[in-house]
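Chemist: Enclosed is the structure file final02.txt (compact mmCIF, C-alpha atoms).
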# COMPACT_ATOMS: atom_id res chain seq x y z
CA MET A 727 32.70 -65.15 -59.69
CA LYS A 728 29.20 -65.40 -58.22
CA LYS A 729 28.80 -67.77 -55.29
CA HIS A 730 25.99 -70.35 -55.35
CA ILE A 731 24.53 -71.95 -52.24
CA LEU A 732 22.90 -75.37 -51.85
CA GLU A 733 20.84 -75.95 -48.70
CA ILE A 734 19.24 -79.25 -47.77
CA SER A 735 17.09 -79.57 -44.67
CA GLY A 736 14.50 -81.72 -42.94
CA ILE A 737 15.72 -84.96 -44.52
CA GLN A 738 14.53 -88.07 -42.74
CA LYS A 739 14.80 -91.64 -43.96
CA LYS A 740 13.84 -94.85 -42.21
CA PHE A 741 14.80 -98.41 -43.10
CA LYS A 742 13.45 -101.43 -41.19
CA ASN A 743 11.94 -99.21 -38.48
CA ARG A 744 15.26 -97.41 -37.90
CA PHE A 745 16.02 -93.84 -38.86
CA ILE A 746 19.32 -93.78 -40.76
CA LEU A 747 18.79 -90.08 -41.47
CA SER A 748 17.08 -87.82 -38.97
CA ASP A 749 16.31 -84.15 -39.61
CA ILE A 750 19.48 -83.61 -41.64
CA TYR A 751 20.64 -80.08 -42.49
CA LEU A 752 23.47 -79.54 -44.95
CA LYS A 753 24.77 -76.36 -46.57
CA ILE A 754 27.51 -75.98 -49.16
CA GLU A 755 28.74 -73.08 -51.29
CA THR A 756 30.56 -73.16 -54.59
CA GLY A 757 34.28 -72.99 -53.91
CA ASN A 758 34.06 -75.57 -51.12
CA ILE A 759 34.72 -79.30 -50.87
CA VAL A 760 32.81 -81.02 -48.05
CA GLY A 761 34.12 -84.42 -46.98
CA LEU A 762 31.32 -86.71 -45.77
CA LEU A 763 32.56 -89.56 -43.56
CA GLY A 764 30.77 -92.43 -41.86
CA HIS A 765 30.81 -96.17 -41.33
CA ASN A 766 29.21 -98.64 -43.74
CA GLY A 767 25.44 -98.43 -43.50
CA SER A 768 25.46 -94.99 -41.86
CA GLY A 769 23.43 -93.50 -44.74
CA LYS A 770 26.00 -91.53 -46.73
CA SER A 771 24.91 -92.81 -50.14
CA THR A 772 21.26 -92.47 -49.15
CA LEU A 773 21.80 -88.83 -48.23
CA LEU A 774 23.50 -88.06 -51.56
CA LYS A 775 20.74 -89.82 -53.53
CA ILE A 776 18.09 -87.78 -51.73
CA ALA A 777 20.04 -84.55 -52.25
CA CYS A 778 20.18 -85.02 -56.02
CA GLY A 779 16.57 -86.17 -56.34
CA ASN A 780 17.29 -89.85 -57.07
CA LEU A 781 15.58 -91.03 -53.90
CA ALA A 782 12.39 -89.77 -52.31
CA ALA A 783 12.22 -88.60 -48.71
CA LEU A 784 9.47 -87.08 -46.62
CA ASP A 785 9.65 -83.43 -45.61
CA LYS A 786 12.86 -82.67 -47.45
CA SER A 787 13.60 -79.10 -48.50
CA ILE A 788 16.20 -78.33 -51.16
CA PHE A 789 17.10 -74.75 -52.01
CA ILE A 790 19.67 -73.39 -54.46
CA ASP A 791 20.37 -69.69 -54.10
CA GLY A 792 17.20 -69.40 -51.99
CA ILE A 793 14.95 -70.95 -54.66
CA SER A 794 13.09 -74.18 -53.87
CA LYS A 795 14.22 -77.18 -55.90
CA ASN A 796 12.09 -79.86 -54.27
CA ASN A 797 10.93 -81.06 -57.68
CA SER A 798 13.62 -83.51 -58.79
CA SER A 799 13.33 -82.39 -62.42
CA ASP A 800 14.62 -78.98 -61.34
CA LEU A 801 17.83 -80.55 -60.04
CA VAL A 802 19.01 -82.26 -63.23
CA ASN A 803 21.11 -79.34 -64.43
CA GLU A 804 22.01 -78.09 -60.95
CA ILE A 805 23.38 -81.15 -59.13
CA SER A 806 25.43 -84.01 -60.60
CA TYR A 807 25.73 -87.31 -58.76
CA LEU A 808 28.46 -89.92 -59.15
CA CYS A 809 26.87 -93.17 -58.02
CA GLN A 810 28.78 -96.34 -57.16
CA ASP A 811 27.32 -98.20 -60.15
CA GLN A 812 28.22 -98.03 -63.84
CA PHE A 813 26.14 -95.47 -65.73
CA VAL A 814 27.86 -95.45 -69.15
CA PRO A 815 26.38 -97.85 -71.78
CA ASN A 816 28.70 -100.77 -72.56
CA HIS A 817 28.30 -100.52 -76.34
CA LEU A 818 29.73 -96.99 -76.61
CA SER A 819 33.39 -96.27 -77.25
CA VAL A 820 35.29 -94.08 -74.80
CA VAL A 821 35.63 -91.24 -77.31
CA ARG A 822 31.91 -91.41 -78.22
CA THR A 823 30.99 -91.30 -74.55
CA ILE A 824 33.11 -88.20 -74.05
CA MET A 825 31.67 -86.42 -77.11
CA LEU A 826 28.10 -87.14 -75.97
CA SER A 827 28.74 -86.05 -72.39
CA VAL A 828 31.13 -83.11 -72.44
CA ASP A 829 31.02 -79.66 -74.05
CA LYS A 830 32.94 -79.72 -77.34
CA GLN A 831 35.65 -77.29 -76.20
CA LYS A 832 36.19 -79.20 -72.95
CA ALA A 833 36.09 -82.54 -74.79
CA ILE A 834 39.33 -81.76 -76.62
CA LEU A 835 41.14 -81.19 -73.31
CA PHE A 836 39.40 -84.24 -71.84
CA CYS A 837 40.74 -86.51 -74.59
CA GLU A 838 44.33 -85.34 -74.01
CA ASP A 839 44.30 -87.13 -70.65
CA GLY A 840 47.35 -89.43 -70.53
CA PHE A 841 45.37 -92.30 -69.01
CA LEU A 842 42.43 -92.07 -71.40
CA LYS A 843 44.21 -91.26 -74.66
CA PRO A 844 45.25 -94.90 -75.34
CA LEU A 845 41.67 -96.02 -74.54
CA LEU A 846 39.68 -93.64 -76.76
CA LYS A 847 38.75 -96.29 -79.33
CA GLU A 848 38.00 -98.98 -76.75
CA LYS A 849 34.42 -100.01 -75.96
CA ILE A 850 33.25 -99.26 -72.44
CA LYS A 851 32.69 -102.99 -71.86
CA ASN A 852 36.43 -103.62 -72.37
CA LEU A 853 37.63 -101.19 -69.70
CA SER A 854 38.93 -102.39 -66.36
CA PHE A 855 37.03 -101.37 -63.24
CA GLY A 856 39.62 -98.70 -62.42
CA GLU A 857 39.67 -97.31 -65.99
CA LEU A 858 35.87 -97.10 -66.04
CA ARG A 859 35.71 -95.46 -62.62
CA TYR A 860 38.32 -92.90 -63.63
CA LEU A 861 36.34 -92.05 -66.78
CA GLN A 862 33.05 -91.72 -64.92
CA VAL A 863 34.52 -89.43 -62.26
CA LYS A 864 35.95 -87.15 -64.95
CA LEU A 865 32.64 -87.08 -66.86
CA ILE A 866 30.83 -85.90 -63.73
CA LEU A 867 33.45 -83.25 -62.94
CA PHE A 868 33.48 -81.85 -66.47
CA ASN A 869 29.74 -81.17 -66.75
CA THR A 870 28.07 -77.79 -66.24
CA SER A 871 26.31 -78.34 -62.89
CA LYS A 872 26.90 -76.00 -59.96
CA PHE A 873 27.16 -78.84 -57.43
CA VAL A 874 28.72 -82.29 -57.59
CA LEU A 875 28.12 -85.25 -55.26
CA LEU A 876 30.84 -87.89 -55.44
CA ASP A 877 30.13 -91.33 -53.95
CA GLU A 878 33.32 -93.43 -53.64
CA PRO A 879 35.25 -91.67 -56.46
CA PHE A 880 38.57 -93.30 -55.47
CA SER A 881 37.23 -96.86 -55.58
CA GLY A 882 39.40 -99.08 -57.77
CA LEU A 883 41.83 -96.32 -58.72
CA SER A 884 45.61 -96.59 -58.59
CA PRO A 885 47.52 -94.14 -56.37
CA LYS A 886 48.49 -92.10 -59.46
CA MET A 887 44.87 -91.94 -60.65
CA ILE A 888 43.77 -90.86 -57.18
CA GLU A 889 46.35 -88.09 -57.26
CA ILE A 890 45.07 -86.83 -60.64
CA ILE A 891 41.39 -87.09 -59.66
CA SER A 892 42.09 -85.27 -56.36
CA GLN A 893 43.68 -82.43 -58.30
CA LEU A 894 40.72 -82.30 -60.70
CA ILE A 895 38.32 -82.14 -57.76
CA LYS A 896 40.25 -79.21 -56.28
CA GLU A 897 40.36 -77.40 -59.63
CA ASN A 898 36.63 -77.89 -60.22
CA SER A 899 35.79 -76.68 -56.73
CA GLU A 900 36.81 -73.19 -57.82
CA GLU A 901 33.45 -72.91 -59.59
CA LYS A 902 31.47 -75.80 -58.09
CA GLY A 903 30.40 -76.96 -54.66
CA ILE A 904 31.52 -80.56 -54.11
CA ILE A 905 30.52 -83.18 -51.56
CA ILE A 906 32.73 -86.27 -51.48
CA THR A 907 32.39 -89.50 -49.53
CA ASP A 908 34.90 -92.32 -49.70
CA HIS A 909 36.23 -94.99 -47.33
CA GLN A 910 39.73 -93.74 -48.13
CA TYR A 911 39.19 -91.06 -45.52
CA GLU A 912 42.74 -89.70 -45.64
CA ASN A 913 42.38 -88.85 -49.35
CA VAL A 914 39.06 -87.16 -48.54
CA MET A 915 40.61 -85.15 -45.72
CA LYS A 916 43.52 -84.00 -47.89
CA ILE A 917 41.28 -82.11 -50.32
CA SER A 918 38.29 -81.10 -48.18
CA THR A 919 37.69 -77.58 -46.95
CA GLY A 920 35.26 -78.95 -44.33
CA LEU A 921 34.41 -82.34 -42.82
CA LEU A 922 31.15 -83.90 -41.66
CA LEU A 923 30.59 -87.23 -39.95
CA LEU A 924 27.29 -89.06 -40.36
CA LYS A 925 26.59 -91.08 -37.24
CA GLU A 926 23.33 -92.44 -35.85
CA GLY A 927 21.36 -90.43 -38.38
CA LYS A 928 22.93 -87.08 -37.49
CA LEU A 929 25.60 -84.92 -39.12
CA HIS A 930 28.50 -83.81 -36.92
CA LYS A 931 31.00 -81.11 -37.90
CA ILE A 932 34.56 -82.43 -37.61
CA ASN A 933 37.74 -80.39 -37.16
CA GLY A 934 40.36 -83.15 -37.29
CA LYS A 935 41.35 -86.75 -36.61
CA ASP A 936 41.09 -86.32 -32.84
CA GLU A 937 37.37 -85.65 -33.17
CA LEU A 938 36.98 -88.65 -35.49
CA ILE A 939 38.46 -90.77 -32.69
CA GLN A 940 36.16 -89.19 -30.10
CA LYS A 941 33.14 -89.97 -32.31
CA GLY A 942 34.26 -93.57 -32.81
CA TYR A 943 35.02 -93.34 -36.53
CA LEU A 944 38.76 -93.93 -36.00
CA THR A 945 40.81 -95.68 -33.34
CA SER A 946 43.77 -94.06 -31.58
CA SER A 947 46.11 -96.32 -33.56
CA SER A 948 45.08 -94.38 -36.69
CA LEU A 949 47.26 -91.48 -35.52
CA GLN A 950 50.37 -93.59 -35.16
Hey, can you dump this file as structure tokens for me?

Modeler:
Amino acid sequence: MKKHILEISGIQKKFKNRFILSDIYLKIETGNIVGLLGHNGSGKSTLLKIACGNLAALDKSIFIDGISKNNSSDLVNEISYLCQDQFVPNHLSVVRTIMLSVDKQKAILFCEDGFLKPLLKEKIKNLSFGELRYLQVKLILFNTSKFVLLDEPFSGLSPKMIEIISQLIKENSEEKGIIITDHQYENVMKISTGLLLLKEGKLHKINGKDELIQKGYLTSSSLQ
């Protein structure tokens, strides 16, 4: 299977006279899962929004397979972004949402999901937060994009749902490049093939929990 490469460079973003992102460079290939860690307000969501074209930034350069994709309209079919907000219209049913969002052949498999099957006729507005989050994560993973950016995919999910979604992320990474950020860092670390820490506007490559302690993301008690 052909490898695809996403490269993002030169990203800078300032809020209230402070750079939360400074000359960021990020590279990911299909087949990889990059875990993006950082404290609240460090700029993780901002970085993902810029990467997918949802947020403007000066001097950014985005290349896929060596071809410039700086025009956000070029990214629609290349990069999918799971935001923290609801993006499915409340008036749709679950099954209608799936049929509108997923390829017909994949939709059949999608609907066989044990968690979603009892909910297929329900309106989106009647789903619990966890049920809706689970559905939205699956919708993003089942589309045709080469790269997927997941912002807090485990939020509101039960341990069993997290287990299923983690497995789906690993399965989809066989043909996609995936960047995942979530405050449940241990679940991120379990499935990631590489880790990055965003701190003081810079990305730092991380090789394990010891380095997360050295960088101030974790305390030594986290290893106990």

Chemist: What's around Cys809 of chain A at 8 Å? Count all atoms listed in the file, leave out sequence neighbours fewer than 6 positions away in its own chain, and write the answer as a count of residues only.

Modeler: 3

Chemist: Write out as a list of chain:residue names which residues come within 12 Å of Asp811 of chain A when counting all atoms listed in the file, dropping same-chain ones fewer than 6 positions away.

Modeler: A:Ser771, A:Phe855, A:Leu858, A:Arg859, A:Gln862, A:Val863, A:Leu876, A:Asp877, A:Glu878, A:Pro879, A:Ser881

Chemist: Between A:Met887, A:Ile834, A:Gln812, A:Val802, which residue has the minimum interatomic distance to Thr870 of chain A, considering all atoms listed in the file?

Modeler: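 Closest to Thr870 of chain A, using all atoms listed in the file: A:Val802.
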
Chemist: Which residue, A:Pro815, A:Gly927, A:Pro885, A:Gly903, has the smallest gap to Lys740 of chain A when you use only C-alpha atoms?

Modeler: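 Smallest separation from Lys740 of chain A among the options: A:Gly927.
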
Chemist: Looking at all atoms listed in the file, which of A:Lys728, A:Lys847, A:Lys864, A:Arg744 is the one that sits closest to Gly767 of chain A?

Modeler: A:Arg744

Chemist: Mind pulling up the distance from atom CA of Ile737 of chain A to atom CA of Ser918 of chain A?

Modeler: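 So the two atoms, atom CA of Ser918 of chain A and atom CA of Ile737 of chain A, lie 23.2 Å apart.
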
Chemist: Set the distance at 7 Å and use all atoms listed in the file: which residues neighbour Gln738 of chain A once local chain neighbours fewer than 4 positions away are removed? I'd like the list as a ChimeraX atom specification.

Modeler: /A:747-750,783-784

Chemist: Please report the interatomic distance between atom CA of Gly764 of chain A and atom CA of Leu923 of chain A in Å with one decimal.

Modeler: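 Distance between the two atoms: 5.5 Å.
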
Chemist: Which residues are near Ser871 of chain A? Cut-off 6 Å, only C-alpha atoms, ignore same chain within fewer than 3 positions. Put them as a PyMOL selection string.

Modeler: chain A and resi 803-805

Chemist: What separation in Å, quoted to one decimal, exists between atom CA of Glu733 of chain A and atom CA of Ser827 of chain A?

Modeler: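 Separation of atom CA of Glu733 of chain A and atom CA of Ser827 of chain A: 26.9 Å.
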
Chemist: So which one's closest to Leu818 of chain A, A:Lys851, A:Lys795, A:Lys832, A:Lys843? Using only C-alpha atoms, please.

Modeler: A:Lys851

Chemist: Select, from A:Leu801, A:Leu774, A:Val820, A:Leu894, the residue with the minimum atom-to-atom distance to Leu842 of chain A, counting only C-alpha atoms.

Modeler: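 Under the stated criterion, the closest residue is A:Val820.
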
Chemist: Could you list, as a ChimeraX atom specification, every residue within 12 Å of Leu763 of chain A, counting all atoms listed in the file and ignoring same-chain residues fewer than 3 positions away?

Modeler: /A:760,766-771,773,877-878,905-915,918,920-925,928-932,934-935,938,941-944

Chemist: Out of A:Asn758, A:Asn933, A:Ser819, A:Asn780, which residue has the shortest atom-to-atom distance to Ile895 of chain A when counting only C-alpha atoms?

Modeler: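 Of A:Asn758, A:Asn933, A:Ser819, A:Asn780, the one nearest Ile895 of chain A, counting only C-alpha atoms, is A:Asn758.
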